[in-house]
Amino acid sequence: MSVKILPVEVKQIIDSYWFYSDFYSIISRVDSKKMWFMNNYINLFDIPDPNQLYTFFYNGYYRDKMVEFYDCPFIDFQRIAIDRRSSTILNNDLLDFIKASIDGGYYVIVMIDRFYIKEYEITAKSPHEVMINGYDDANKKLYFCDNNANGKYTTNITCDYEAFSRAFHLLEIEAHDFKQHLYLLKPLENNDYAFSLKYVKNTMKAYLLSRSHTDEYYNEALGTPGLTFGINVYDKASDYLKYLAQEEVVFDIRSFHLLYDHKKCMTMRLDYMINNKHLIDDNQILNRWRKLEADVHALRNFILKYLFTRSSDALYKQMEQLHKLKETEMVLLQEVVDQLKDG
């Protein structure tokens, strides 16, 4: 087959990080009722780092940021060992392997150095993961999804075979799972997966208690000690803004994007639970949560403006706002938990 392009979802539920966008692009074809999103994306965690804020959704044991790909019942997930010094994968030519995978319905996630791909217009080395979803033999190019030069998730990036080969082989990073493996992901039909009110309630309670809803000591055994769970990520975000105001850390908006994504997911979940009689909205919970979502969105946008204003006073004001938002969310979510039955 000379041309094959697997479908991707342009409009994302979550777009704070590339792997959430890639993930939804895959399962949107087989999880039309969004059951995976209803059951997950409740708890949060922060990875300690002295220079940046790293907040992510916590949906299960933390192996790497792609934990959903390992665990989701709507994905056939394969992790393939690679040797970047070789031009073959499993005794197949690199490009032939990628094309055969796409022919078989598998999306391919692989780390490359975007410096070698002119479409990015990057002037320095830039190791990053991309999701390949198509190829065109006639024009010798690959199609893939990634954040573009402006940082926005894009589903129609292309590059020629030769540039991709350079970007693959000339990647220079220390030992890393993405250096030593690529990933094959294929959507799976699953008619048995259903909403679990008990699991959702337990995860909400863990979030409010700033705990893992799984065994957090398991994560320490995997080499990720010191994680901050649940609603206490607000405190980590506040600390980060203090250090940013003092110019002691690197500016990075992504965790504030994720806080906003978290509120969007919860709005979607509350709406679902109300419509399905799991939750009685006598106290205008949904409208109050939408107000919270709008306030977090405003906070994110205000912090984004720091790139242009560099106003430390404005950051201190947003620290106060973060504490207010945390208090509001604790009250709202506790109302939800108190009303929910165990299912």
# chains A, B, ... in the order shown; residues from 1 in each chain; ligands from 1
>>> residues_around(residues="region 265-277 of chain A", least_positions_apart="4", cutoff="9 Å", atoms="only C-alpha atoms", output="short mmCIF file (atom, residue, chain, number, x, y, z; two decimals) with N, CA and C atoms, in the first residue's frame")
data_model
loop_
_atom_site.label_atom_id
_atom_site.label_comp_id
_atom_site.auth_asym_id
_atom_site.auth_seq_id
_atom_site.Cartn_x
_atom_site.Cartn_y
_atom_site.Cartn_z
N ILE A 13 -9.94 16.24 24.47
CA ILE A 13 -10.50 16.47 25.81
C ILE A 13 -9.43 17.09 26.70
N ILE A 14 -8.23 16.53 26.62
CA ILE A 14 -7.10 16.99 27.43
C ILE A 14 -5.94 17.29 26.47
N PHE A 37 -12.68 8.15 30.45
CA PHE A 37 -12.51 9.47 31.03
C PHE A 37 -13.42 9.66 32.24
N MET A 38 -14.57 9.03 32.24
CA MET A 38 -15.46 9.15 33.39
C MET A 38 -14.87 8.47 34.63
N ASN A 39 -14.16 7.37 34.42
CA ASN A 39 -13.59 6.62 35.54
C ASN A 39 -12.23 7.15 36.00
N ASN A 40 -11.57 7.92 35.17
CA ASN A 40 -10.19 8.32 35.45
C ASN A 40 -10.04 9.84 35.41
N TYR A 41 -8.80 10.31 35.48
CA TYR A 41 -8.51 11.75 35.43
C TYR A 41 -9.18 12.50 36.59
N ILE A 42 -9.09 11.87 37.77
CA ILE A 42 -9.62 12.46 39.00
C ILE A 42 -8.48 12.86 39.92
N LEU A 197 -18.97 3.59 39.87
CA LEU A 197 -19.22 4.64 40.86
C LEU A 197 -18.36 4.44 42.10
N TYR A 260 -6.32 23.13 34.63
CA TYR A 260 -7.54 23.48 33.90
C TYR A 260 -8.15 22.24 33.26
N ASP A 261 -7.32 21.38 32.67
CA ASP A 261 -7.83 20.12 32.11
C ASP A 261 -8.55 19.29 33.17
N ASP A 281 -28.43 17.14 41.92
CA ASP A 281 -27.80 18.46 41.93
C ASP A 281 -28.71 19.51 42.57
N ILE A 285 -24.39 22.14 42.28
CA ILE A 285 -22.99 21.74 42.28
C ILE A 285 -22.37 21.94 40.89
N LEU A 286 -23.06 21.55 39.84
CA LEU A 286 -22.49 21.63 38.50
C LEU A 286 -22.20 23.08 38.10
N TRP A 289 -19.26 24.24 40.01
CA TRP A 289 -18.01 23.66 39.48
C TRP A 289 -17.61 24.35 38.18
N ARG A 290 -18.58 24.68 37.34
CA ARG A 290 -18.26 25.39 36.11
C ARG A 290 -17.64 26.76 36.40
N GLU A 293 -14.12 25.98 37.26
CA GLU A 293 -13.39 25.73 36.02
C GLU A 293 -13.01 27.04 35.33
N VAL A 336 -19.94 16.36 46.81
CA VAL A 336 -20.17 15.28 45.86
C VAL A 336 -19.93 13.93 46.52
#
>>> closest_atom_pairs(of="region 33-135 of chain A", to="region 170-180 of chain A", cutoff="10 Å", atoms="only C-alpha atoms", output="Markdown table")
| residue | atom | partner | partner_atom | distance |
| --- | --- | --- | --- | --- |
| A:Asp64 | CA | A:Asp177 | CA | 8.9 |
| A:Arg79 | CA | A:Asp177 | CA | 9.8 |
| A:Ile80 | CA | A:Gln180 | CA | 8.4 |
| A:Ala81 | CA | A:Gln180 | CA | 5.8 |
| A:Ile82 | CA | A:Gln180 | CA | 5.3 |
| A:Asp83 | CA | A:Gln180 | CA | 6.5 |
| A:Arg84 | CA | A:Gln180 | CA | 7.7 |
| A:Arg85 | CA | A:Leu170 | CA | 8.9 |
| A:Ile109 | CA | A:Phe178 | CA | 9.0 |
| A:Val110 | CA | A:Phe178 | CA | 6.8 |
| A:Met111 | CA | A:Phe178 | CA | 5.8 |
| A:Ile112 | CA | A:Leu171 | CA | 5.9 |
| A:Asp113 | CA | A:Leu171 | CA | 5.3 |
| A:Arg114 | CA | A:Leu171 | CA | 9.0 |
| A:Phe115 | CA | A:Leu171 | CA | 9.5 |
| A:Tyr116 | CA | A:Leu170 | CA | 8.7 |
| A:Lys125 | CA | A:Glu172 | CA | 8.4 |
| A:Ser126 | CA | A:Leu171 | CA | 8.8 |
| A:Pro127 | CA | A:Leu171 | CA | 6.7 |
| A:His128 | CA | A:Phe178 | CA | 9.0 |
| A:Glu129 | CA | A:Phe178 | CA | 7.7 |
>>> write_last_selection(atoms="C-alpha atoms", output="compact mmCIF listing (two decimals), in the first residue's frame")
# COMPACT_ATOMS: atom_id res chain seq x y z
CA ASP A 64 6.28 6.72 33.26
CA ARG A 79 6.66 -1.89 23.91
CA ILE A 80 9.40 -2.74 21.38
CA ALA A 81 13.12 -2.67 22.18
CA ILE A 82 15.24 -0.78 19.65
CA ASP A 83 18.92 -0.19 18.95
CA ARG A 84 19.40 3.23 17.38
CA ARG A 85 22.77 2.25 15.96
CA ILE A 109 5.19 6.50 19.27
CA VAL A 110 8.93 7.09 19.07
CA MET A 111 11.41 9.65 20.31
CA ILE A 112 13.34 11.64 17.69
CA ASP A 113 15.40 14.81 17.60
CA ARG A 114 13.19 17.47 16.03
CA PHE A 115 16.24 19.58 15.15
CA TYR A 116 16.65 17.49 11.98
CA LYS A 125 18.75 19.87 19.67
CA SER A 126 15.20 18.95 20.69
CA PRO A 127 14.56 15.32 21.73
CA HIS A 128 10.85 14.64 21.78
CA GLU A 129 8.29 11.88 21.28
>>> closest_residue(among="A:Ala124, A:Ile102, A:Leu185, A:Ala167", to="Pro73 (chain A)", atoms="only C-alpha atoms")
A:Leu185
>>> select_by_dssp(residues="region 143-311 of chain A", states="strand (DSSP E)", output="list of chain:residue names")
A:Tyr143, A:Phe144, A:Cys145, A:Asp146, A:Asn147, A:Tyr153, A:Thr154, A:Thr155, A:Asn156, A:Ile157, A:Thr158, A:Cys159, A:Asp160, A:His181, A:Leu182, A:Tyr183, A:Leu184, A:Leu185, A:Lys186, A:Pro187, A:Thr228, A:Phe229
>>> residues_around(residues="region 15-20 of chain A", least_positions_apart="6", cutoff="12 Å", atoms="only C-alpha atoms", output="PyMOL selection string")
chain A and resi 9+26-28+37+41+54-57+59+64-69+109-110+128-131+144-148+151-155+183+252-262+264-265+300
>>> closest_residue(among="A:Leu307, A:Leu184, A:Thr88, A:Lys11", to="Val250 (chain A)", atoms="only C-alpha atoms")
A:Leu307
